[in-house]
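Chemist: File input25.cif follows (mmCIF, C-alpha atoms):
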data_target
loop_
_atom_site.label_atom_id
_atom_site.label_comp_id
_atom_site.auth_asym_id
_atom_site.auth_seq_id
_atom_site.Cartn_x
_atom_site.Cartn_y
_atom_site.Cartn_z
CA MET U 1 32.30 5.19 7.00
CA THR U 2 29.77 8.04 6.92
CA THR U 3 30.67 11.01 9.09
CA LEU U 4 28.12 12.39 11.53
CA ILE U 5 27.15 15.82 10.27
CA ASP U 6 27.61 18.85 12.48
CA ASP U 7 24.00 19.60 13.39
CA PRO U 8 23.79 23.07 14.98
CA LEU U 9 20.93 22.17 17.34
CA ILE U 10 22.75 19.09 18.61
CA ALA U 11 26.03 20.97 18.89
CA ALA U 12 24.30 23.67 20.95
CA MET U 13 22.94 21.27 23.57
CA ALA U 14 24.14 22.20 27.07
CA ILE U 15 24.38 18.91 28.96
CA ASP U 16 25.29 19.42 32.62
CA ARG U 17 25.38 15.73 33.50
CA MET U 18 25.49 12.77 31.14
CA LEU U 19 22.57 10.41 31.75
CA PRO U 20 21.78 7.01 30.24
CA LEU U 21 19.28 8.69 27.90
CA HIS U 22 22.00 11.00 26.58
CA GLU U 23 24.20 7.99 25.84
CA SER U 24 21.40 6.07 24.12
CA SER U 25 20.35 9.09 22.06
CA ARG U 26 23.92 9.61 20.91
CA ARG U 27 24.03 6.02 19.65
CA LEU U 28 20.68 6.48 17.92
CA ARG U 29 21.93 9.63 16.18
CA GLU U 30 24.82 7.60 14.78
CA LEU U 31 22.39 5.26 13.00
CA TYR U 32 21.70 7.87 10.35
CA PRO U 33 24.68 10.24 10.34
CA GLN U 34 23.39 12.33 7.44
CA CYS U 35 20.28 13.29 9.45
CA PRO U 36 21.14 12.73 13.12
CA ARG U 37 17.80 14.02 14.39
CA VAL U 38 15.85 11.20 12.72
CA TYR U 39 16.27 8.90 15.73
CA GLY U 40 16.60 9.59 19.41
CA VAL U 41 15.39 12.51 21.46
CA ALA U 42 16.75 15.59 23.19
CA VAL U 43 16.37 16.35 26.87
CA LEU U 44 14.37 19.55 27.00
CA ALA U 45 16.53 21.04 29.75
CA ASP U 46 19.54 20.86 27.40
CA VAL U 47 18.12 22.90 24.52
CA SER U 48 16.81 26.35 23.71
CA VAL U 49 13.02 26.16 23.47
CA ARG U 50 12.84 28.21 20.27
CA ARG U 51 10.59 26.34 17.81
CA TRP U 52 9.80 23.71 20.45
CA TRP U 53 6.27 23.11 21.72
CA PRO U 54 4.59 20.53 23.96
CA LEU U 55 2.97 17.74 21.98
CA GLU U 56 -0.12 17.82 24.17
CA SER U 57 -0.88 21.28 22.77
CA ALA U 58 -1.66 19.56 19.47
CA VAL U 59 -4.77 18.16 21.16
CA ARG U 60 -6.02 21.33 22.88
CA THR U 61 -5.10 23.99 20.29
CA ASN U 62 -5.40 24.48 16.52
CA ARG U 63 -1.81 23.37 15.80
CA LEU U 64 -2.85 20.20 13.95
CA GLN U 65 -5.44 22.14 11.99
CA VAL U 66 -2.78 24.60 10.82
CA MET U 67 -0.34 21.79 9.97
CA PHE U 68 -3.02 19.90 8.06
CA ASP U 69 -4.20 22.97 6.14
CA GLU U 70 -0.64 23.79 5.09
CA ALA U 71 0.03 20.22 3.95
CA ALA U 72 -3.29 20.11 2.08
CA MET U 73 -2.19 23.10 -0.02
CA ASP U 74 0.37 20.88 -1.75
CA MET U 75 -1.53 17.58 -2.01
CA ASP U 76 -4.95 16.02 -1.69
CA ARG U 77 -6.57 15.91 1.75
CA ARG U 78 -6.09 12.17 2.19
CA GLY U 79 -2.40 12.43 1.37
CA ALA U 80 -2.01 15.35 3.75
CA ALA U 81 -3.72 13.46 6.57
CA ARG U 82 -1.61 10.36 6.01
CA GLN U 83 1.59 12.41 5.91
CA LEU U 84 0.73 14.14 9.18
CA ALA U 85 -0.31 10.87 10.80
CA ALA U 86 2.99 9.25 9.77
CA MET U 87 4.88 12.21 11.24
CA LEU U 88 3.08 11.79 14.57
CA VAL U 89 3.62 8.03 14.53
CA HIS U 90 7.35 8.39 13.98
CA THR U 91 7.59 11.07 16.67
CA VAL U 92 5.80 9.03 19.32
CA ILE U 93 6.54 5.36 18.64
CA GLY U 94 9.00 5.13 15.74
CA ARG U 95 11.80 6.79 17.69
CA VAL U 96 11.34 4.88 20.93
CA VAL U 97 10.93 1.50 19.22
CA ALA U 98 14.33 2.03 17.62
CA LEU U 99 15.79 2.14 21.13
CA VAL U 100 13.68 -0.78 22.35
CA VAL U 101 14.80 -3.12 19.57
CA LEU U 102 18.47 -2.13 19.90
CA GLU U 103 19.05 -1.70 23.63
CA ALA U 104 15.88 -2.83 25.46
CA ARG U 105 15.56 0.70 26.82
CA ALA U 106 12.77 3.24 26.50
CA TRP U 107 11.98 6.80 27.45
CA ASP U 108 8.48 7.87 28.49
CA THR U 109 6.33 8.68 25.45
CA GLY U 110 3.50 10.08 27.54
CA LEU U 111 1.73 13.03 25.94
CA GLU U 112 2.71 15.25 28.87
CA ASN U 113 6.38 14.28 28.54
CA LEU U 114 6.97 14.86 24.83
CA TRP U 115 7.88 18.10 23.11
CA VAL U 116 8.55 18.53 19.40
CA HIS U 117 10.83 20.80 17.41
CA VAL U 118 9.64 22.16 14.07
CA ASP U 119 11.66 23.49 11.16
CA ALA U 120 11.08 26.80 9.39
CA GLU U 121 8.18 25.26 7.47
CA GLY U 122 6.47 23.95 10.60
CA VAL U 123 7.38 20.29 10.04
CA ILE U 124 8.32 18.20 13.07
CA ASP U 125 11.99 17.27 12.75
CA TRP U 126 13.01 16.36 16.31
CA ALA U 127 11.51 15.30 19.62
CA GLY U 128 12.40 15.97 23.22
CA VAL U 129 11.43 14.77 26.67
CA VAL U 130 10.83 16.71 29.86
CA ASP U 131 11.66 13.74 32.10
CA PRO U 132 14.79 11.92 30.83
CA THR U 133 14.19 8.76 32.87
CA VAL U 134 14.65 5.55 30.88
CA ARG U 135 13.17 2.14 31.62
CA LEU U 136 15.63 -0.71 31.27
CA LEU U 137 16.13 -4.36 32.20
CA PRO U 138 18.16 -6.05 34.98
CA ASP U 139 20.90 -7.14 32.54
CA ASP U 140 21.37 -3.64 31.13
CA PRO U 141 25.02 -2.48 30.94
CA TYR U 142 24.07 0.35 33.31
CA PHE U 143 24.13 -2.14 36.18
CA ALA U 144 27.39 -3.82 35.21
CA HIS U 145 29.66 -1.76 37.48
CA ARG U 146 27.20 -0.74 40.17
CA ASP U 147 26.60 -2.20 43.58
CA SER U 148 23.18 -3.81 43.46
CA ASP U 149 22.63 -2.77 47.09
CA CYS U 150 23.32 0.88 46.38
CA VAL U 151 20.10 2.82 46.91
CA GLY U 152 19.31 5.98 45.00
CA ASP U 153 21.57 5.57 41.97
CA GLY U 154 18.64 4.83 39.69
CA VAL U 155 16.76 7.95 40.69
CA ARG U 156 19.88 10.10 40.41
CA ASP U 157 20.89 8.63 37.05
CA GLY U 158 17.41 8.70 35.55
CA VAL U 159 16.69 4.98 35.29
CA VAL U 160 13.87 2.69 36.37
CA GLN U 161 14.38 -1.06 36.25
CA LEU U 162 11.60 -3.20 34.81
CA PRO U 163 11.58 -6.93 35.51
CA SER U 164 11.40 -8.34 31.99
CA GLU U 165 11.34 -7.64 28.29
CA ALA U 166 7.60 -8.31 28.30
CA ALA U 167 7.10 -5.64 30.96
CA LEU U 168 9.15 -3.16 28.94
CA THR U 169 7.39 -3.72 25.61
CA THR U 170 3.95 -3.67 27.25
CA TRP U 171 4.77 -0.41 29.04
CA VAL U 172 6.00 1.17 25.80
CA ALA U 173 2.89 0.06 23.92
CA HIS U 174 0.63 1.38 26.67
CA ARG U 175 2.30 4.80 26.82
CA CYS U 176 2.27 5.14 23.02
CA HIS U 177 -1.37 4.07 22.90
CA ARG U 178 -2.37 6.72 25.45
CA THR U 179 -0.50 9.40 23.50
CA LEU U 180 -1.45 8.52 19.94
CA GLY U 181 -5.13 7.91 20.69
CA PRO U 182 -6.08 11.57 21.29
CA LEU U 183 -3.72 12.77 18.55
CA PHE U 184 -5.38 10.49 16.01
CA ASP U 185 -8.85 11.57 17.12
CA LYS U 186 -7.87 15.22 16.73
CA LEU U 187 -6.31 14.65 13.30
CA HIS U 188 -9.38 12.74 12.16
CA ALA U 189 -11.53 15.70 13.20
CA VAL U 190 -9.43 18.47 11.65
CA SER U 191 -9.03 16.57 8.38
CA GLY U 192 -12.75 15.95 8.08
CA GLY U 193 -12.23 12.20 8.26
CA ALA U 194 -9.86 12.15 5.28
CA VAL U 195 -8.16 9.09 6.82
CA SER U 196 -9.80 6.76 9.31
CA VAL U 197 -8.41 6.32 12.80
CA ALA U 198 -8.06 2.59 12.05
CA SER U 199 -5.79 3.42 9.11
CA MET U 200 -3.66 5.57 11.39
CA TRP U 201 -3.20 2.64 13.77
CA GLN U 202 -2.18 0.48 10.81
CA LEU U 203 0.52 3.06 10.10
CA VAL U 204 1.72 2.39 13.64
CA GLY U 205 2.04 -1.30 12.81
CA SER U 206 4.04 -0.51 9.69
CA MET U 207 6.31 1.84 11.63
CA VAL U 208 7.09 -0.81 14.24
CA VAL U 209 7.82 -3.34 11.48
CA ALA U 210 10.10 -0.86 9.71
CA ALA U 211 12.02 -0.06 12.89
CA ALA U 212 12.47 -3.72 13.83
CA THR U 213 13.66 -4.48 10.29
CA GLN U 214 15.83 -1.51 9.37
CA VAL U 215 17.33 -0.27 12.64
CA PRO U 216 19.33 -3.42 13.48
CA GLN U 217 20.68 -3.42 9.93
CA LEU U 218 21.87 0.16 10.37
CA ALA U 219 23.44 -0.69 13.72
CA GLY U 220 24.86 -4.09 12.79
CA ALA U 221 22.84 -5.55 15.67
CA ASP U 222 21.12 -8.89 16.15
CA GLU U 223 18.09 -8.96 13.85
CA LEU U 224 16.31 -11.83 15.60
CA THR U 225 16.36 -10.00 18.92
CA ALA U 226 15.05 -6.86 17.23
CA MET U 227 12.28 -8.85 15.55
CA ARG U 228 11.27 -10.43 18.85
CA ARG U 229 11.06 -7.08 20.62
CA GLY U 230 9.19 -5.44 17.75
CA GLN U 231 6.74 -8.32 17.67
CA ALA U 232 6.20 -7.97 21.42
CA VAL U 233 5.29 -4.30 21.02
CA LEU U 234 2.83 -5.20 18.24
CA ASP U 235 1.34 -7.98 20.34
CA ALA U 236 0.81 -5.59 23.24
CA LEU U 237 -0.91 -3.06 20.97
CA VAL U 238 -3.16 -5.79 19.61
CA GLY U 239 -3.91 -6.78 23.20
CA PHE U 240 -5.19 -3.24 23.78
CA GLY U 241 -7.64 -3.78 20.92
CA LEU U 242 -5.80 -1.63 18.37
CA PRO U 243 -5.93 -2.51 14.64
CA VAL U 244 -2.18 -2.35 14.02
CA ARG U 245 -2.14 -5.42 11.81
CA GLY U 246 -3.63 -5.52 8.34
CA SER U 247 -2.98 -4.83 4.70
CA MET U 248 -3.55 -1.07 4.85
CA GLY U 249 -0.44 0.98 5.43
CA ALA U 250 1.84 -2.01 4.93
CA THR U 251 5.41 -1.40 3.89
CA ALA U 252 7.52 -3.35 1.44
CA ALA U 253 9.52 -4.68 4.37
CA ASP U 254 6.46 -6.63 5.51
CA THR U 255 6.61 -8.99 2.56
CA ARG U 256 10.31 -9.66 2.96
CA HIS U 257 10.61 -10.09 6.69
CA PRO U 258 9.31 -12.62 9.25
CA LEU U 259 8.00 -9.82 11.49
CA ARG U 260 4.54 -9.34 10.05
CA ASN U 261 2.34 -6.24 10.30
#
Spell out the structure here as structure tokens.

Modeler:
Amino acid sequence: MTTLIDDPLIAAMAIDRMLPLHESSRRLRELYPQCPRVYGVAVLADVSVRRWWPLESAVRTNRLQVMFDEAAMDMDRRGAARQLAAMLVHTVIGRVVALVVLEARAWDTGLENLWVHVDAEGVIDWAGVVDPTVRLLPDDPYFAHRDSDCVGDGVRDGVVQLPSEAALTTWVAHRCHRTLGPLFDKLHAVSGGAVSVASMWQLVGSMVVAAATQVPQLAGADELTAMRRGQAVLDALVGFGLPVRGSMGATAADTRHPLRN
């Protein structure tokens, strides 16, 4: 069994009160013990803000321009744009879909709620949320030992109950859509159109497919349930008119797995 590495940023988190999001993020970190920041998020109140910045600043400042220019020094402009787009896709939807397919939970991926941590080279390597509230379903284990008539627990514990899986996946798709849309437009502009916005949305489709395929295998979880939830997120994105399905940006997993991009 692979041992979870001692990540200094994770070890330094100062958690005053354990919330459902903390518990879910811990389980997500265990999916990839060698790199525990790949999945899950931090709660911003728990960490030092050194090398953290609000994701919305990528839209209103020159941050994406700087990141693109630095990436383009080592590769062609199209490759740099695709690499940066994939980084944004994983940050916004790849992480949260991992939680959706495993636990039918989700944090808020709104642009105003997400912060990102960058390494010494300016590459995004972790994500955080300002508001740690998670959306979950009526059969979530959170409710197992709680009095259903008890008022206020959800607000105190940072949970909001949604009525169905369809409501959850549609909400996740909507929040990701509203966040990725302006980020993609900005990246398209700063890269001089090196990659089309449509191609960036097709990367989203591939990322959802990859999460629904790989994450349950890492966790030893039910693959059919994960496929169903991943498909529901894709269907919701398609319903918003987004080109997340198609041959461009497809991964190898698409040809081996019933969940199609």

Chemist: Suppose a student applies the PyMOL selection byres ((chain U and resi 10-27) around 8) to this structure; what residues should they get, written as a PDB file with C-alpha atoms, in the coordinates of the input?

Modeler:
ATOM      1  CA  ASP U   6      27.610  18.850  12.480  1.00  0.00           C
ATOM      2  CA  ASP U   7      24.000  19.600  13.390  1.00  0.00           C
ATOM      3  CA  PRO U   8      23.790  23.070  14.980  1.00  0.00           C
ATOM      4  CA  LEU U   9      20.930  22.170  17.340  1.00  0.00           C
ATOM      5  CA  LEU U  28      20.680   6.480  17.920  1.00  0.00           C
ATOM      6  CA  ARG U  29      21.930   9.630  16.180  1.00  0.00           C
ATOM      7  CA  GLU U  30      24.820   7.600  14.780  1.00  0.00           C
ATOM      8  CA  LEU U  31      22.390   5.260  13.000  1.00  0.00           C
ATOM      9  CA  TYR U  39      16.270   8.900  15.730  1.00  0.00           C
ATOM     10  CA  GLY U  40      16.600   9.590  19.410  1.00  0.00           C
ATOM     11  CA  VAL U  41      15.390  12.510  21.460  1.00  0.00           C
ATOM     12  CA  ALA U  42      16.750  15.590  23.190  1.00  0.00           C
ATOM     13  CA  VAL U  43      16.370  16.350  26.870  1.00  0.00           C
ATOM     14  CA  ASP U  46      19.540  20.860  27.400  1.00  0.00           C
ATOM     15  CA  VAL U  47      18.120  22.900  24.520  1.00  0.00           C
ATOM     16  CA  SER U  48      16.810  26.350  23.710  1.00  0.00           C
ATOM     17  CA  LEU U  99      15.790   2.140  21.130  1.00  0.00           C
ATOM     18  CA  TRP U 107      11.980   6.800  27.450  1.00  0.00           C
ATOM     19  CA  PRO U 132      14.790  11.920  30.830  1.00  0.00           C
ATOM     20  CA  THR U 133      14.190   8.760  32.870  1.00  0.00           C
ATOM     21  CA  VAL U 134      14.650   5.550  30.880  1.00  0.00           C
ATOM     22  CA  TYR U 142      24.070   0.350  33.310  1.00  0.00           C
ATOM     23  CA  ASP U 157      20.890   8.630  37.050  1.00  0.00           C
ATOM     24  CA  GLY U 158      17.410   8.700  35.550  1.00  0.00           C
ATOM     25  CA  VAL U 159      16.690   4.980  35.290  1.00  0.00           C
TER      26      VAL U 159
END

Chemist: If we count all atoms listed in the file, what is near Gly110 (chain U) at a cut-off of 9 Å, once residues fewer than 4 positions away on the same chain are taken out, given as an mmCIF file with C-alpha atoms, keeping the file's coordinate frame?

Modeler:
data_model
loop_
_atom_site.group_PDB
_atom_site.id
_atom_site.type_symbol
_atom_site.label_atom_id
_atom_site.label_comp_id
_atom_site.auth_asym_id
_atom_site.auth_seq_id
_atom_site.Cartn_x
_atom_site.Cartn_y
_atom_site.Cartn_z
ATOM 1 C CA VAL U 92 5.800 9.030 19.320
ATOM 2 C CA LEU U 114 6.970 14.860 24.830
ATOM 3 C CA ARG U 175 2.300 4.800 26.820
ATOM 4 C CA CYS U 176 2.270 5.140 23.020
ATOM 5 C CA ARG U 178 -2.370 6.720 25.450
ATOM 6 C CA THR U 179 -0.500 9.400 23.500
#

Chemist: Tell me which protein, DNA and RNA residues are within 12 Å of Leu168 (chain U), counting all atoms listed in the file, leaving out same-chain ones fewer than 5 positions away, and put them as a VMD selection string.

Modeler: chain U and resid 96 to 97 99 to 101 103 to 108 134 to 138 160 to 163 173 to 175 229 to 230 232 to 233 236

Chemist: Which neighbours of Val59 (chain U) fall inside 7 Å, counting only C-alpha atoms, when residues of the same chain fewer than 4 positions from it are skipped, and could you give them as a ChimeraX atom specification?

Modeler: /U:182-183,186

Chemist: Name the closest residue to Ser164 (chain U) among the candidates U:His188, U:Arg77, U:Val195, U:Asp139; distances are taken between atoms, counting only C-alpha atoms.

Modeler: U:Asp139

Chemist: Identify which of the residues U:Asp69, U:Arg82, U:Thr170, U:Met87 lies closest to Gly239 (chain U), counting only C-alpha atoms when measuring atom-to-atom distances.

Modeler: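 Of all the options, U:Thr170 lies closest to Gly239 (chain U).
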
Chemist: To one decimal in Å, tell me the separation between CA of His90 (chain U) and CA of Asp185 (chain U).

Modeler: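 Computing the Euclidean distance for CA of His90 (chain U) and CA of Asp185 (chain U) yields 16.8 Å.
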
Chemist: Can you work out which one of U:Ser206, U:Gln231, U:Gln83, U:Thr213 has the shortest atom-to-atom distance to Val123 (chain U), counting all atoms listed in the file?

Modeler: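 Among the listed residues, the smallest separation from Val123 (chain U) belongs to U:Gln83.
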
Chemist: Could you tell me how far CA of Val238 (chain U) sits from CA of Ala166 (chain U), in Å to one decimal place?

Modeler: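 These atoms are spaced 14.1 Å apart.
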
Chemist: Do you have the CA of Met207 (chain U)-CA of Ile93 (chain U) distance handy?

Modeler: 7.8 Å

Chemist: Check the smallest atom-to-atom distance from each of U:Glu56, U:Val208, U:Asp222, U:Val38 to Val244 (chain U) using only C-alpha atoms, then report the winner.

Modeler: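 Using only C-alpha atoms, the shortest distance to Val244 (chain U) belongs to U:Val208.
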
Chemist: Nearest to Leu64 (chain U) among U:Val215, U:Leu234, U:Ala81, U:Ala144, with distances taken over only C-alpha atoms: which residue is it?

Modeler: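 For Leu64 (chain U), the nearest of the candidates is U:Ala81.
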
Chemist: Using all atoms listed in the file, which residues sit within 7 Å of Ala226 (chain U) once same-chain residues fewer than 5 positions away are excluded, as a PyMOL selection string?

Modeler: chain U and resi 101-102+212+216

Chemist: Find the residues near region 203-205 of chain U: any atom within 7 Å, counting all atoms listed in the file, skip ones fewer than 3 places away on the same chain, and give them as an MDAnalysis selection string.

Modeler: chainID U and resid 86 89 199:200 208:209 234 244:245 249 261

Chemist: Residue by residue, what does the PyMOL selection byres ((chain U and resi 117) around 7) grab here? Present the result as a compact mmCIF listing (two decimals) with C-alpha atoms, keeping the file's coordinate frame.

Modeler:
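The result, stored in expr_10.txt:
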# COMPACT_ATOMS: atom_id res chain seq x y z
CA ARG U 51 10.59 26.34 17.81
CA TRP U 52 9.80 23.71 20.45
CA TRP U 53 6.27 23.11 21.72
CA TRP U 115 7.88 18.10 23.11
CA VAL U 116 8.55 18.53 19.40
CA VAL U 118 9.64 22.16 14.07
CA ASP U 119 11.66 23.49 11.16
CA ILE U 124 8.32 18.20 13.07
CA ASP U 125 11.99 17.27 12.75
CA TRP U 126 13.01 16.36 16.31
CA ALA U 127 11.51 15.30 19.62
